[in-house]
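Chemist: Got a structure for you, written out below as structure tokens; questions coming shortly.
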Amino acid sequence: MQQLDLSIIIVNYNGKNYLKDCLDSIANYCSSISNEIIIVDNNSSDGSQEYLKENYPEIILFEEKENLGFGKANNLGVKNSIGDNILLLNNDTILLQDIIPVIEIAKRSEVGAVGVRMLNGEKQYTTSVGKFPKPYNLLKLGNLNENRSDFLTGEFKIKEYNVDWVSGSFIMLKRQHWELINGFDEDFFMYVEDVDFCKRLQKQGKQIIFYSKYEYIHFVGFNFSRELKLINGYKMYANKHFNFVSTILAKILLTINYAYKKTFKNIR
């Protein structure tokens with residue numbers, strides 16, 4: 001079987017409107033290395049599957065009959081890939097630069113995964129990293145943001161930073177490190193699986209690197225219903241990574257967090 005330099009895994013759910021820009025950017029900025037694109041479609045109803053088959057027949061497409069969730073769908077894509085390196089990429093992203101410098105960082109033995117600078121749809125800097133949660137800082141999810149000045153301003157003084165976790169919308173890593181932790185924990189349907197993923201890599205002695213010289217666009221959206229999914233995700237994280245007492249404290253604070261948002265911010 002032919003070995004490739006890079007496997008790009010994209011999970012799609014009703015993202016037809018984003019696919020052309022994403023895939024065209026891959027063609028522009030990954031063409032200097034051998035690569036494959038694998039898209040796992042989570043039972044989209046917007047014509048995504050038909051669009052991909054008609055316009056991108058070279059892509060490996062998995063047409064699922066149900067929404068597998070983010071982690072499980074990525075696991076399926078990676079399982080069926082053959083690249084030495086793996087790029088997990090959201091469907092609503094656009095690459096802006098040649099991918100090789102990111103791969104070179106990921107190849108280093110001590111590096112478990114690499115994330116890069118995120119821009120929103122208006123090309124404004126948006127944070128794409130965070131800190132691992134502690135029980136006491138789950139009362140407000142904003143406490144989990146990376147608070148070093150460079151990350152607050154987007155004015156980075158160096159190329160590489162050690163961080164706790166990077167956003168699942170762009171994660172580059174070697175295949176052997178994916179296999180080291182058996183990919184995503186499929187108990188996380190959507191949200192916080194990237195935090196858990198990076199935590200397990202760090203437990204194996206691997207560094208999580210933020211590379212500030214590479215940018216990509218992510219049409220990241222925000223609504224308060226997303227907060228509930230995050231809260232549920234962090235409850236699962238607490239079950240996995242905290243001791244009994246810390247887990248109880250974390251769940252109490254997360255419940256207060258949710259109650260506040262439901263009361264004052266009309267979360268459903």
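Letters A, B, ... mark the chains of the structure tokens in the order given; residue numbers begin at 1 per chain; ligand numbers begin at 1, in order shown.
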What are the DSSP helix (DSSP H, G or I) residues of stretch 162-203 of chain A, as number ranges by chain?

Modeler: A: 175-180, 193-203

Chemist: Please identify every residue of stretch 199-248 of chain A that has at least one atom no farther than 9 Å from an atom of stretch 138-144 of chain A, counting only C-alpha atoms, and for each give the shortest atom pair and the distance in Å to one decimal, arranged by chain then increasing number, as a tab-separated table.

Modeler:
```
residue	atom	partner	partner_atom	distance
A:Glu227	CA	A:Leu141	CA	8.7
A:Leu230	CA	A:Leu141	CA	8.6
A:Ile231	CA	A:Leu141	CA	8.4
A:Tyr234	CA	A:Leu138	CA	8.3
```

Chemist: Using only C-alpha atoms, determine which residues lie at most 9 Å from stretch 27-29 of chain A, disregarding the query and same-chain residues fewer than 6 positions distant; provide the list as an NGL selection string.

Modeler: :A and (95-100)

Chemist: Show which residues sit within 12 Å of stretch 152-159 of chain A, as a PyMOL selection string. Count only C-alpha atoms, and ignore same-chain residues fewer than 2 positions away.

Modeler: chain A and resi 101-102+105+115-119+124-130+145-150+161-162+209-215

Chemist: Quick one: everything within 8 Å of A:Gly83, counting only C-alpha atoms, minus sequence neighbours fewer than 3 positions away in the same chain. Send it as a list of chain:residue names.

Modeler: A:Gln3, A:Leu4, A:Asp5, A:Leu6, A:Ser7, A:Asn35, A:Glu36, A:Ile86, A:Arg175

Chemist: Hey, which of A:Lys20, A:Gly183, A:Ser31, A:Lys72 ends up closest to A:Asn55? Count only C-alpha atoms.

Modeler: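 Closest to A:Asn55 of all the choices is A:Lys20.
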
Chemist: Which one is closest to A:Asp196: A:Ile9, A:Val114, A:Met172, A:Met236? Count only C-alpha atoms.

Modeler: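 The answer is A:Met236, which sits nearest to A:Asp196.
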
Chemist: According to DSSP computed on the backbone, where in stretch 102-166 of chain A is there strand (DSSP E or B)? Give the residues as number ranges by chain.

Modeler: A: 111-119, 125-126, 129-130, 145, 160-163, 165-166

Chemist: When you count only C-alpha atoms, which of these residues is closest to A:Asn120: A:Ala73, A:Val220, A:Ile208, A:Leu180?

Modeler: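 Going through A:Ala73, A:Val220, A:Ile208, A:Leu180 one by one, the smallest distance to A:Asn120 is for A:Val220.
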
Chemist: In Å, rounded to a single decimal, give me how far atom CA of A:Ser169 is from atom CA of A:His218.

Modeler: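 Going from atom CA of A:His218 over to atom CA of A:Ser169, I get 7.6 Å.
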
Chemist: Considering only C-alpha atoms, can you say which of A:Met190, A:Ile94, A:Val245, A:Val163 comes closest to A:Ile26?

Modeler: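 Result for the nearest residue to A:Ile26: A:Ile94.
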
Chemist: Can you work out the spacing between atom CA of A:Gly168 and atom CA of A:Asn17 in Å, to one decimal?

Modeler: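 Distance between the two atoms: 20.2 Å.
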
Chemist: Kindly indicate which residue among A:Gly71, A:Glu64, A:Lys123, A:Arg108 lies nearest to A:Asn85, using only C-alpha atoms for the distances.

Modeler: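 Once distances to A:Asn85 are computed over only C-alpha atoms, the minimum belongs to A:Arg108.
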